[in-house]
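A short worksheet on the structure shown next.
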Amino acid sequence: MTALRAILTRALMTAITLFGVAVIVFVVIRVAPGDPIAMMLPPGASDDDIAHLRALYGLDKSIVQQFFIWLGNVLQGDFGTSISIRQPVSRIVLNRLPATLELSLLAMTIAVLFGGALAFFATRFRETPAETGVDIINGIALSVPDFLWGLALILLLGVAWPVFEISGRISPSLDPQFSTQFYLLESILRLRLDVTLDLLDHMLMPALALALPLAAVIAQLLKVSLKETMNQDYVMLARTKGFSESHVISHDAFRNALLPTLTLTGIQLTFLIGGTVIIERLFSYEGLGNLAIDAVINRDLPLIQGIVLLFAILFVGINLAVDLLYTVLNPRLRHG
Amino acid sequence: MSEPLFDVENLYVSFPDPNHKTLFGQMPMVEVLHGIRLKIEEGTVVGLVGESGSGKSTLGRALVRLLDPVSGSIRFAGTDITYLDENALRPLRRDLQVIFQDPLSALNPRLTIGTIIGRPLQLHGLANGRREALKLTQEALEHVGLPTAFVARYPHELSGGQRQRVGIARAIATRPRFVLADEIVSGLDVSSQAQILTLLADLKKDLGLTIVFISHDLSVVRRLCDQVVVLRHGEILENRPTGPLFEHPEHPYTAELKAAIPLPEVDGDWLNS
Amino acid sequence: MSPDKATARSYLDIDDLSIVLKHQPTHRLLRSVGLHVMPGEVRGLVGESGAGKSMIGKTIFDILPRAVEIVEGSVRLGDDELLKLPQSARRKVIARTSALIPQDPLTALNPVRRIEPQITDRLTRILGVSKSDARERARALLDEVHIRDPESVLRNYPHQLSGGMRQRVLIAAAFAAEPKLIVADEPTTALDVTVQKQILKLIAEMQARHGTALLFVTHDLGVVAKICQNVSVLYGGKIVEDTEVKSLFARPTHAYTQALIAATPRYDRPDESLVPVPAAVIEATQHEIAAADDAWLGARQAGGRR
Amino acid sequence: MSEHARHRRPVSWRLILSGSWLAIVIICAVFAPYIAPHDPLAQDLLLERLPPFWVSGAEPGYYLGTDGLGRDVLSRIIYGARIALTVAFVAATAACLIGSTMGLVAGYFRGWLDQIVSRIVDIWMSFPPVLFSILLVAVIGTGLHSVIIAITAIDWIRFCRVVRAETLVQTRMDYIDSARAAGFSRLNILVREVFPNALPTIVALLSLEMGIAVIVEAILSFVNLSISTDDPTWGGMIAEGRTIIHFAWWVLVFPLIALFLTVLAFSQFGEGLRDRFDPVLR
């Protein structure tokens, strides 16, 4: 009963959030100066042509009407037609989404592994110079954002010591002829390891740039939380039972420390995905973010709306997933 | 002594149930106090005793109107304060003071002791300007046996016993008629506990205070209180003068509580009684 | 175990134990502490906060904080001199022979683990008992501590049990490996008085049945009077009195002990209890400690020169 | 213990180092015309892509080299500090004022007010912040004002979230009840009891936010949406440097270092301030 109530409340709040997002996206773009119709037509087009196009895109109706027509279409999966590319927005966006998802997942994996290892290491050797070292590295990684890490990596591993590719998603000479846009996944499944390596060659630097701040956040939160947990009575009790320090950390402290870290990591993960926008631009990586900036520069309203909405849905979904995971990991919530 | 200082009639208090947090509609309520009746005479010390969950702290907080009762009435010095709002209560506040259980939490960590004790004095017009507030603050500190130089200190710079004395100094600085002492010795060592209780007894004598002393420990109450109220599950089981209550507990629960206290003397049968 | 032989000698022997802060090696937190508990004996360790009670417990279990170090002394469990063993061997000895009943039952159980592994993990993971045997043992132990329906409690998480129940579970866990020594660290301080009495009774009952040596750490002289045979009084890291409980209350010898007894509240003699500890007593005791420190430092410096 | 607590803390290197760098940047920004060796806008195609002074082929007087249009890199960095700091101070302060007020009020009064603020925060958190700011600037037009408005409109949420959480923690403390028992009004308690406890967090966050504002301005310049392209901005220089990275690395490296140090300094300065001046930590 309580559980059902909690789920319904959560669902309703999610709906309110998404509706708010839709309203804001719509309003922000409608108040934009500059007439998108004018930009689509050659100079010297007649008023009739303009009126015709206006009607075609529904721009002649009142703004509230336009909003609900648009929202109705969106709910049916119709995000409109891109003005600059002249294809359905949903098709363009879904075509680009896999590239961004693969990049984000790679970055997240790196961040979790790095951050988790650092936190474990710092906790195992707490109150020694090793912990201070981890703190300093964390402090720097935390206060410098992904954009700067990206530039630094380009200079170091792209130019000064060219190990990785600095632009694109895949070398133009390689034409993998894949059936999906999940290149990395598909190349591994098809055992086309040459493609896998080429993809990683392009993806590692942007992924690292995205991962560094998140890794620092995870390391920091998890370390604080682990150290706090290590002072708890049940951990002390485990030590008196004869368990080694590493065993105590991994068996008794880790899951408890994970819970507070997890809630904050959800938000941090959305920051990471948000960071793909500028990182993709920086590395000329053909993902959703790069497309979004092009769309803004071209004033392609339907496309911008589609992309921003997709990001919002993704973010809301991540937060839901984190809440769910939290419930699963916390017996207090599972067994009321 | 025609009228009691406090006259509580049929008091009910409920809290929203924290286990049922929702966005909409009425939150389910848990009733904590069920129909409390209590009279407190001016100049007495009344002990509120009970185990965890008995509602003793809730009753205390309702008396000084830190929370809102659901029904019933609380009369303080002839005034019905049950449903008074913040503004209407303000003039009464100088007479309704509280000493809290955990002085570290009850003293604002980023204000000096001087500010913590002095500001309420200015609010109630007991001191004109900072200089006079400082003087009264120093007097209050001296009264509780602390050096006057403490006005410049922050709470975290003091020991547990010292912080609790600051809490007491703040409560008596406004020269109130009534002080609520909520488990004020339960976090302290035996030796600090004895000091604080002696101090409280002295202050009561000097200032003619009326005190409600909340405690989970019957034996602490014995020395200080004139009257003891035993609570369980939000109801008063027994309310009598201290001596008779200890000598002949009327309610079996009071007897059980008393019997559960381990006296510092060897008694082989106690564990099995 | 043959009780005749065992009573001949104490099981826990702490001698001349001195612990200092690493960055301040002349400041002692424990001052040449000597403490002995025989098999079957219940010894109280009494002191106020900061006296060093928990430091002694932490030394026995080898979980001292990193900021302190043992500079002198010996800690023996049976025939094993702990301070001479390498850490892994030391922890093994401790795991086999000793157990702790912690202070706060609300925080001493891991909230994300079920009850069963928290009782049995020492058996299965350290002592190599099979899982099914360990479960059988856990069920029997829960019976022993008077928990009804042990089956379902084993499957529960800590938050599903009351404070008193959790303390019972912790007592069961402490007795799981038939330890020779149990240290109970203020096990009833966090409980209501009526529950405290039940738990004290349970601890006494378990101790008597298993013939364990029990070191009962507390600040409450009342509890000492009811459960201990002998008592050590700690002030400022120094044992100021070591005696039978009977004579502690009949004829306390040290002025601090006398003052502590007088400060303890008692409902039967309101006017003689709750007497604040006189400043002169504190001063004299601190003086005594300073003198002992000087002697100790002198001896160490002399020893260092030799 | 209390005696120890009153000892002065040792000198904070974190505060000194970060403070010194920020002082240098501020001096550069204020006195740019007197410090910069060249006109930052002066193009000279004969002097294009000169390397910095220690590399062979350098021209005396152009210490950090020139860019693709022959403009002096050092002078452009010095002038770039003006825009970076203007954005940092104005946008961060505005975001701080709006966000902290909302956070304090929502966390302290709770109820429906908190519900509304929390929903707005949820909605804001559903946008990728960089894309949101690019979108906003594209909508309201480029220019310094738009950049500041965009950053304020997006980053007030950061203050709101953190300050609200801190306020919620503080309202659970007994000192709130003791202030109520003393008779202080709710507003008085918020301003004089809760606010001093949230202040160290707010100050640290404000400093951090200044660094973030500098970065966002650089990102907007990088995608060509900030100030007019001629004006020297660090982000604009980085954007140009990125395109000619294989021919003239210095065009990218030096503004990047300036940006890097400034961002790091702002975040460390905030932390250092908190360590130094919070009475509870002191």
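In the structure tokens, chains take letters A, B, ... by order of appearance, with residues numbered from 1 within each chain and ligands from 1 in the order shown.
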
Near His145 of chain D, counting only C-alpha atoms, which residues have an atom at most 10 Å away, once you skip same-chain residues fewer than 5 positions from it, shown as a tab-separated table (two decimals) with all heavy atoms, in the first residue's frame?
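Below is the file that was written, around.tsv:
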chain	number	residue	atom	x	y	z
D	87	VAL	N	32.15	38.50	-16.37
D	87	VAL	CA	31.14	37.45	-16.36
D	87	VAL	C	31.17	36.72	-15.02
D	87	VAL	O	30.13	36.47	-14.40
D	87	VAL	CB	31.38	36.46	-17.52
D	87	VAL	CG1	30.46	35.25	-17.39
D	87	VAL	CG2	31.14	37.15	-18.85
D	90	VAL	N	29.73	39.12	-12.04
D	90	VAL	CA	28.33	39.52	-12.16
D	90	VAL	C	27.41	38.29	-12.17
D	90	VAL	O	26.46	38.20	-11.38
D	90	VAL	CB	28.10	40.39	-13.41
D	90	VAL	CG1	26.63	40.76	-13.51
D	90	VAL	CG2	28.99	41.61	-13.37
D	91	ALA	N	27.73	37.32	-13.05
D	91	ALA	CA	26.82	36.17	-13.18
D	91	ALA	C	26.81	35.34	-11.90
D	91	ALA	O	25.74	34.94	-11.43
D	91	ALA	CB	27.24	35.30	-14.37
D	137	VAL	N	21.47	31.72	-25.15
D	137	VAL	CA	22.21	32.79	-25.82
D	137	VAL	C	21.77	32.91	-27.27
D	137	VAL	O	21.60	34.01	-27.80
D	137	VAL	CB	23.73	32.55	-25.71
D	137	VAL	CG1	24.49	33.56	-26.55
D	137	VAL	CG2	24.16	32.66	-24.26
D	140	ILE	N	18.33	34.79	-27.02
D	140	ILE	CA	18.30	36.20	-26.67
D	140	ILE	C	19.38	37.00	-27.37
D	140	ILE	O	19.48	38.21	-27.20
D	140	ILE	CB	18.40	36.43	-25.12
D	140	ILE	CG1	19.49	35.58	-24.53
D	140	ILE	CG2	17.08	36.19	-24.44
D	140	ILE	CD1	19.54	35.61	-23.01
D	150	ALA	N	22.27	34.22	-19.28
D	150	ALA	CA	22.17	32.76	-19.48
D	150	ALA	C	22.79	32.02	-18.30
D	150	ALA	O	22.20	31.07	-17.78
D	150	ALA	CB	22.85	32.36	-20.78
D	226	SER	N	29.44	33.91	-27.91
D	226	SER	CA	29.54	34.82	-26.80
D	226	SER	C	29.59	36.27	-27.27
D	226	SER	O	28.63	36.81	-27.78
D	226	SER	CB	30.77	34.47	-25.97
D	226	SER	OG	30.95	35.37	-24.92
D	227	ILE	N	30.71	36.88	-27.13
D	227	ILE	CA	30.90	38.27	-27.50
D	227	ILE	C	31.25	38.30	-28.98
D	227	ILE	O	31.47	37.24	-29.58
D	227	ILE	CB	32.06	38.87	-26.65
D	227	ILE	CG1	32.07	38.26	-25.26
D	227	ILE	CG2	32.00	40.37	-26.59
D	227	ILE	CD1	30.85	38.56	-24.43

Select residues of chain D: the criterion is any atom within 9 Å of an atom of chain A, counting only C-alpha atoms; output as an mmCIF file with C-alpha atoms, in the first residue's frame.
data_model
loop_
_atom_site.group_PDB
_atom_site.id
_atom_site.type_symbol
_atom_site.label_atom_id
_atom_site.label_comp_id
_atom_site.auth_asym_id
_atom_site.auth_seq_id
_atom_site.Cartn_x
_atom_site.Cartn_y
_atom_site.Cartn_z
ATOM 1 C CA ARG D 119 9.706 20.955 -8.923
ATOM 2 C CA ILE D 120 11.440 23.891 -10.611
ATOM 3 C CA ASP D 122 13.767 19.062 -11.017
ATOM 4 C CA ILE D 123 12.783 20.669 -14.298
ATOM 5 C CA TRP D 124 15.991 22.676 -14.512
ATOM 6 C CA MET D 125 18.071 19.621 -13.687
ATOM 7 C CA SER D 126 16.541 17.845 -16.669
ATOM 8 C CA PHE D 127 18.322 20.092 -19.143
ATOM 9 C CA PRO D 128 21.954 19.581 -20.107
ATOM 10 C CA PRO D 129 23.334 22.875 -18.734
ATOM 11 C CA VAL D 130 25.741 23.575 -21.594
ATOM 12 C CA LEU D 131 23.090 23.000 -24.233
ATOM 13 C CA PHE D 132 20.632 25.085 -22.216
ATOM 14 C CA ILE D 134 23.867 27.770 -25.749
ATOM 15 C CA LEU D 135 20.168 27.687 -26.500
ATOM 16 C CA LEU D 136 19.449 30.691 -24.288
ATOM 17 C CA ALA D 138 21.073 31.797 -29.289
ATOM 18 C CA VAL D 139 17.554 32.906 -28.380
ATOM 19 C CA ILE D 140 18.304 36.203 -26.666
ATOM 20 C CA GLY D 141 21.185 37.099 -28.944
ATOM 21 C CA LEU D 208 33.441 27.875 -7.195
ATOM 22 C CA GLY D 211 35.240 29.569 -11.913
ATOM 23 C CA ILE D 212 32.329 27.792 -13.554
ATOM 24 C CA ILE D 215 34.343 28.213 -18.166
ATOM 25 C CA ILE D 219 32.522 27.450 -23.962
ATOM 26 C CA PHE D 222 34.272 28.469 -28.305
ATOM 27 C CA VAL D 223 31.036 27.780 -30.174
ATOM 28 C CA LEU D 225 28.065 32.502 -29.382
ATOM 29 C CA ILE D 238 40.959 28.464 -27.763
ATOM 30 C CA ALA D 239 38.507 27.969 -30.625
ATOM 31 C CA ARG D 242 41.922 24.306 -31.922
ATOM 32 C CA ILE D 245 46.616 23.260 -33.453
ATOM 33 C CA HIS D 246 49.076 21.464 -35.727
ATOM 34 C CA TRP D 249 50.098 25.145 -30.607
ATOM 35 C CA LEU D 252 45.727 27.200 -27.794
ATOM 36 C CA VAL D 253 48.118 26.471 -24.948
ATOM 37 C CA LEU D 256 44.161 27.271 -21.875
ATOM 38 C CA LEU D 259 41.721 29.377 -17.980
ATOM 39 C CA PHE D 260 42.966 26.292 -16.142
ATOM 40 C CA VAL D 263 39.230 27.943 -12.607
ATOM 41 C CA LEU D 264 41.423 26.006 -10.192
ATOM 42 C CA ALA D 265 42.194 29.160 -8.214
ATOM 43 C CA PHE D 266 38.522 30.107 -7.821
ATOM 44 C CA SER D 267 37.569 26.678 -6.474
ATOM 45 C CA GLN D 268 40.560 26.435 -4.140
#

Requested in this report: Name all residues at most 12 Å from segment 126-129 of chain A (count only C-alpha atoms; drop same-chain ones fewer than 5 positions away) and give them as a list of chain:residue names.
Outcome: A:Leu118, A:Ala119, A:Phe120, A:Phe121, A:Val134, A:Asp135, A:Ile136, A:Lys223, A:Val224, A:Leu226, A:Lys227, A:Glu228, A:Met230, A:Glu245, A:Ile249, C:Pro65, C:Arg66, C:Ala67

Query raised in the report: How many Å lie between atom CA of Asp192 of chain C and atom CA of Leu200 of chain B, rounded to one decimal?
Result: 24.6 Å

Report task. Tell me which of A:Val195, A:Leu59, A:Met236, A:Ala321 sits closest to chain C, counting only C-alpha atoms. Result ->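 Among the listed residues, A:Met236 lies closest to chain C.
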
Requested in this report: Measuring atom to atom with only C-alpha atoms, identify which of D:Ile189, D:Val216, D:Pro279, D:Ala182 is nearest to Arg90 of chain B.
Outcome: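 That would be D:Ala182, the residue with the smallest distance to Arg90 of chain B.
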
Report task. Check every residue of chain D for an atom within 12 Å of chain B, counting only C-alpha atoms, and provide those that qualify as number ranges by chain. Result -> D: 1-7, 111-112, 114-116, 118-119, 169-189, 192-200, 277-282

Could you please take those selected residues and save C-alpha atoms as a PDB file, in the first residue's frame?
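The resulting file, selection-v7.pdb, is shown below:
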ATOM      1  CA  MET D   1      40.903  20.736  24.006  1.00  0.00           C
ATOM      2  CA  SER D   2      39.422  24.212  24.208  1.00  0.00           C
ATOM      3  CA  GLU D   3      42.883  25.668  24.549  1.00  0.00           C
ATOM      4  CA  HIS D   4      43.985  23.928  21.379  1.00  0.00           C
ATOM      5  CA  ALA D   5      40.949  25.130  19.513  1.00  0.00           C
ATOM      6  CA  ARG D   6      41.867  28.738  20.150  1.00  0.00           C
ATOM      7  CA  HIS D   7      45.267  28.436  18.541  1.00  0.00           C
ATOM      8  CA  GLY D 111       5.437  23.129   2.744  1.00  0.00           C
ATOM      9  CA  TRP D 112       4.000  24.198  -0.613  1.00  0.00           C
ATOM     10  CA  ASP D 114       9.343  23.989  -1.012  1.00  0.00           C
ATOM     11  CA  GLN D 115       7.239  21.805  -3.295  1.00  0.00           C
ATOM     12  CA  ILE D 116       7.202  24.478  -5.990  1.00  0.00           C
ATOM     13  CA  SER D 118      11.731  21.515  -5.753  1.00  0.00           C
ATOM     14  CA  ARG D 119       9.706  20.955  -8.923  1.00  0.00           C
ATOM     15  CA  VAL D 169      20.016  20.014   8.039  1.00  0.00           C
ATOM     16  CA  GLN D 170      20.188  23.156  10.146  1.00  0.00           C
ATOM     17  CA  THR D 171      16.441  23.323  10.809  1.00  0.00           C
ATOM     18  CA  ARG D 172      16.628  19.920  12.483  1.00  0.00           C
ATOM     19  CA  MET D 173      19.051  21.258  15.106  1.00  0.00           C
ATOM     20  CA  ASP D 174      17.799  22.112  18.580  1.00  0.00           C
ATOM     21  CA  TYR D 175      19.140  25.655  18.367  1.00  0.00           C
ATOM     22  CA  ILE D 176      16.244  26.499  16.075  1.00  0.00           C
ATOM     23  CA  ASP D 177      13.842  25.361  18.784  1.00  0.00           C
ATOM     24  CA  SER D 178      15.744  27.281  21.411  1.00  0.00           C
ATOM     25  CA  ALA D 179      15.495  30.440  19.302  1.00  0.00           C
ATOM     26  CA  ARG D 180      11.763  29.816  18.959  1.00  0.00           C
ATOM     27  CA  ALA D 181      11.532  29.283  22.696  1.00  0.00           C
ATOM     28  CA  ALA D 182      13.307  32.616  23.150  1.00  0.00           C
ATOM     29  CA  GLY D 183      10.529  34.250  21.140  1.00  0.00           C
ATOM     30  CA  PHE D 184      12.296  35.185  17.908  1.00  0.00           C
ATOM     31  CA  SER D 185      10.148  35.411  14.806  1.00  0.00           C
ATOM     32  CA  ARG D 186      10.548  32.909  11.988  1.00  0.00           C
ATOM     33  CA  LEU D 187      12.130  35.477   9.689  1.00  0.00           C
ATOM     34  CA  ASN D 188      14.521  36.585  12.411  1.00  0.00           C
ATOM     35  CA  ILE D 189      15.560  32.974  13.026  1.00  0.00           C
ATOM     36  CA  ARG D 192      20.189  35.498  12.210  1.00  0.00           C
ATOM     37  CA  GLU D 193      20.409  31.837  13.179  1.00  0.00           C
ATOM     38  CA  VAL D 194      20.188  29.729  10.013  1.00  0.00           C
ATOM     39  CA  PHE D 195      21.899  32.072   7.567  1.00  0.00           C
ATOM     40  CA  PRO D 196      25.229  32.312   9.486  1.00  0.00           C
ATOM     41  CA  ASN D 197      25.352  28.525   9.372  1.00  0.00           C
ATOM     42  CA  ALA D 198      24.704  28.370   5.646  1.00  0.00           C
ATOM     43  CA  LEU D 199      27.102  31.241   4.911  1.00  0.00           C
ATOM     44  CA  PRO D 200      30.384  29.251   4.807  1.00  0.00           C
ATOM     45  CA  PHE D 277      37.163  31.811   8.493  1.00  0.00           C
ATOM     46  CA  ASP D 278      34.472  29.373   9.535  1.00  0.00           C
ATOM     47  CA  PRO D 279      34.415  29.578  13.356  1.00  0.00           C
ATOM     48  CA  VAL D 280      33.453  25.924  13.615  1.00  0.00           C
ATOM     49  CA  LEU D 281      36.409  24.695  11.586  1.00  0.00           C
ATOM     50  CA  ARG D 282      38.813  27.271  12.942  1.00  0.00           C
TER      51      ARG D 282
END

Query raised in the report: Which distance in Å separates atom CA of Cys96 of chain D and atom CA of Cys160 of chain D, to one decimal?
Result: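 Calculated distance between atom CA of Cys96 of chain D and atom CA of Cys160 of chain D is 8.3 Å.
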
Within 8 Å of Arg76 of chain C, counting only C-alpha atoms, which residues show up once you throw out same-chain ones fewer than 2 positions away? Write them as an mmCIF file with N, CA and C atoms, in the first residue's frame, please.
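Below you can see part02.cif, which holds the result:
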data_model
loop_
_atom_site.group_PDB
_atom_site.id
_atom_site.type_symbol
_atom_site.label_atom_id
_atom_site.label_comp_id
_atom_site.auth_asym_id
_atom_site.auth_seq_id
_atom_site.Cartn_x
_atom_site.Cartn_y
_atom_site.Cartn_z
ATOM 1 N N TYR C 11 42.740 -15.656 32.747
ATOM 2 C CA TYR C 11 42.797 -15.880 31.302
ATOM 3 C C TYR C 11 43.295 -14.630 30.569
ATOM 4 N N LEU C 12 42.765 -13.481 30.967
ATOM 5 C CA LEU C 12 43.273 -12.234 30.385
ATOM 6 C C LEU C 12 44.253 -11.594 31.367
ATOM 7 N N ASP C 13 45.451 -11.329 30.893
ATOM 8 C CA ASP C 13 46.447 -10.659 31.726
ATOM 9 C C ASP C 13 46.976 -9.429 31.016
ATOM 10 N N ILE C 14 46.653 -8.268 31.568
ATOM 11 C CA ILE C 14 47.257 -7.044 31.042
ATOM 12 C C ILE C 14 48.191 -6.538 32.120
ATOM 13 N N SER C 74 52.338 -5.764 28.474
ATOM 14 C CA SER C 74 52.028 -7.023 27.818
ATOM 15 C C SER C 74 50.526 -7.291 27.926
ATOM 16 N N GLY C 78 45.317 -16.310 27.598
ATOM 17 C CA GLY C 78 45.781 -17.672 27.813
ATOM 18 C C GLY C 78 47.299 -17.713 27.759
ATOM 19 N N ASP C 79 47.830 -18.516 26.825
ATOM 20 C CA ASP C 79 49.279 -18.637 26.731
ATOM 21 C C ASP C 79 49.877 -17.728 25.675
ATOM 22 N N ASP C 80 49.036 -16.991 24.967
ATOM 23 C CA ASP C 80 49.551 -16.186 23.859
ATOM 24 C C ASP C 80 49.819 -14.758 24.292
ATOM 25 N N GLU C 81 51.047 -14.312 24.114
ATOM 26 C CA GLU C 81 51.396 -12.917 24.351
ATOM 27 C C GLU C 81 51.086 -12.149 23.065
ATOM 28 N N LEU C 82 50.000 -11.389 23.086
ATOM 29 C CA LEU C 82 49.513 -10.772 21.846
ATOM 30 C C LEU C 82 50.525 -9.816 21.237
#

Report task. Residues of chain A near chain C: apply a cut-off of 6 Å, count only C-alpha atoms, and supply the list as a ChimeraX atom specification. Result -> /A:233-234,240-242,331

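Closest to chain C among B:Ile184, B:Ala149, B:Val49, B:Ile211 is B:Val49, based on only C-alpha atoms.
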
Query raised in the report: Just asking: which residues within segment 144-299 of chain C are helix (DSSP H, G or I) according to DSSP, as a ChimeraX atom specification?
Result: /C:144,150-155,158-160,163-175,193-210,221-227,245-250,255-263,279-299

Requested in this report: For chain C, report every residue with an atom at most 9 Å from chain B (counting only C-alpha atoms), formatted as a PyMOL selection string.
Outcome: chain C and resi 48-49+191-198+200-201+204+219-227+245-246+249-250+259-261+263-271+273-277

Query raised in the report: What is the atom CA of Thr152 of chain D-atom CA of Arg10 of chain A distance in Å, reported with one decimal?
Result: 29.1 Å

**Report entry** Test item, strand (DSSP E) assignment across segment 36-127 of chain B, answer as a list in words
**Finding:**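 Of segment 36-127 of chain B, the ones in strand (DSSP E) are Ile36, Arg37, Leu38, Lys39, Ile40, Val45, Val46, Gly47, Leu48, Val49, Ser71, Gly72, Ser73, Ile74, Arg75, Phe76, Thr79, Asp80, Leu96, Gln97, Val98 and Ile99 of chain B.
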
Generate the output file for the selected residues, N, CA and C atoms, as a short mmCIF file (atom, residue, chain, number, x, y, z; two decimals), in the first residue's frame.
data_model
loop_
_atom_site.label_atom_id
_atom_site.label_comp_id
_atom_site.auth_asym_id
_atom_site.auth_seq_id
_atom_site.Cartn_x
_atom_site.Cartn_y
_atom_site.Cartn_z
N ILE B 36 -4.00 14.33 28.38
CA ILE B 36 -3.19 14.60 29.57
C ILE B 36 -3.86 15.66 30.44
N ARG B 37 -3.94 15.40 31.75
CA ARG B 37 -4.39 16.39 32.73
C ARG B 37 -3.27 16.58 33.74
N LEU B 38 -2.91 17.85 33.96
CA LEU B 38 -1.76 18.09 34.84
C LEU B 38 -1.83 19.51 35.38
N LYS B 39 -1.58 19.65 36.70
CA LYS B 39 -1.48 20.98 37.30
C LYS B 39 -0.09 21.13 37.88
N ILE B 40 0.53 22.29 37.65
CA ILE B 40 1.85 22.53 38.20
C ILE B 40 1.80 23.80 39.03
N VAL B 45 9.20 21.78 41.63
CA VAL B 45 9.92 21.07 40.58
C VAL B 45 9.17 19.78 40.32
N VAL B 46 8.75 19.61 39.06
CA VAL B 46 7.97 18.43 38.70
C VAL B 46 8.81 17.55 37.78
N GLY B 47 8.94 16.29 38.13
CA GLY B 47 9.67 15.35 37.28
C GLY B 47 8.72 14.65 36.33
N LEU B 48 9.06 14.65 35.04
CA LEU B 48 8.30 13.85 34.06
C LEU B 48 9.16 12.65 33.74
N VAL B 49 8.69 11.44 34.10
CA VAL B 49 9.53 10.26 33.95
C VAL B 49 8.84 9.24 33.07
N SER B 71 -5.94 19.04 20.53
CA SER B 71 -7.10 19.52 21.28
C SER B 71 -6.77 19.57 22.76
N GLY B 72 -7.69 20.08 23.56
CA GLY B 72 -7.44 20.27 24.98
C GLY B 72 -7.02 21.70 25.25
N SER B 73 -6.53 21.95 26.46
CA SER B 73 -6.11 23.31 26.74
C SER B 73 -4.90 23.34 27.67
N ILE B 74 -4.07 24.35 27.47
CA ILE B 74 -2.94 24.60 28.35
C ILE B 74 -3.08 26.03 28.84
N ARG B 75 -3.22 26.20 30.15
CA ARG B 75 -3.27 27.55 30.71
C ARG B 75 -1.97 27.81 31.45
N PHE B 76 -1.34 28.93 31.11
CA PHE B 76 -0.11 29.31 31.79
C PHE B 76 -0.38 30.63 32.51
N THR B 79 -3.44 32.43 31.51
CA THR B 79 -3.68 32.70 30.09
C THR B 79 -3.78 31.37 29.34
N ASP B 80 -4.79 31.26 28.48
CA ASP B 80 -4.89 30.07 27.65
C ASP B 80 -3.89 30.21 26.50
N LEU B 96 8.90 31.48 29.71
CA LEU B 96 8.84 30.05 29.37
C LEU B 96 10.16 29.64 28.75
N GLN B 97 11.11 29.24 29.55
CA GLN B 97 12.43 28.94 29.00
C GLN B 97 12.69 27.44 28.95
N VAL B 98 13.63 27.05 28.10
CA VAL B 98 13.92 25.64 27.89
C VAL B 98 15.42 25.38 28.01
N ILE B 99 15.81 24.30 28.66
CA ILE B 99 17.17 23.79 28.59
C ILE B 99 17.10 22.46 27.84
#
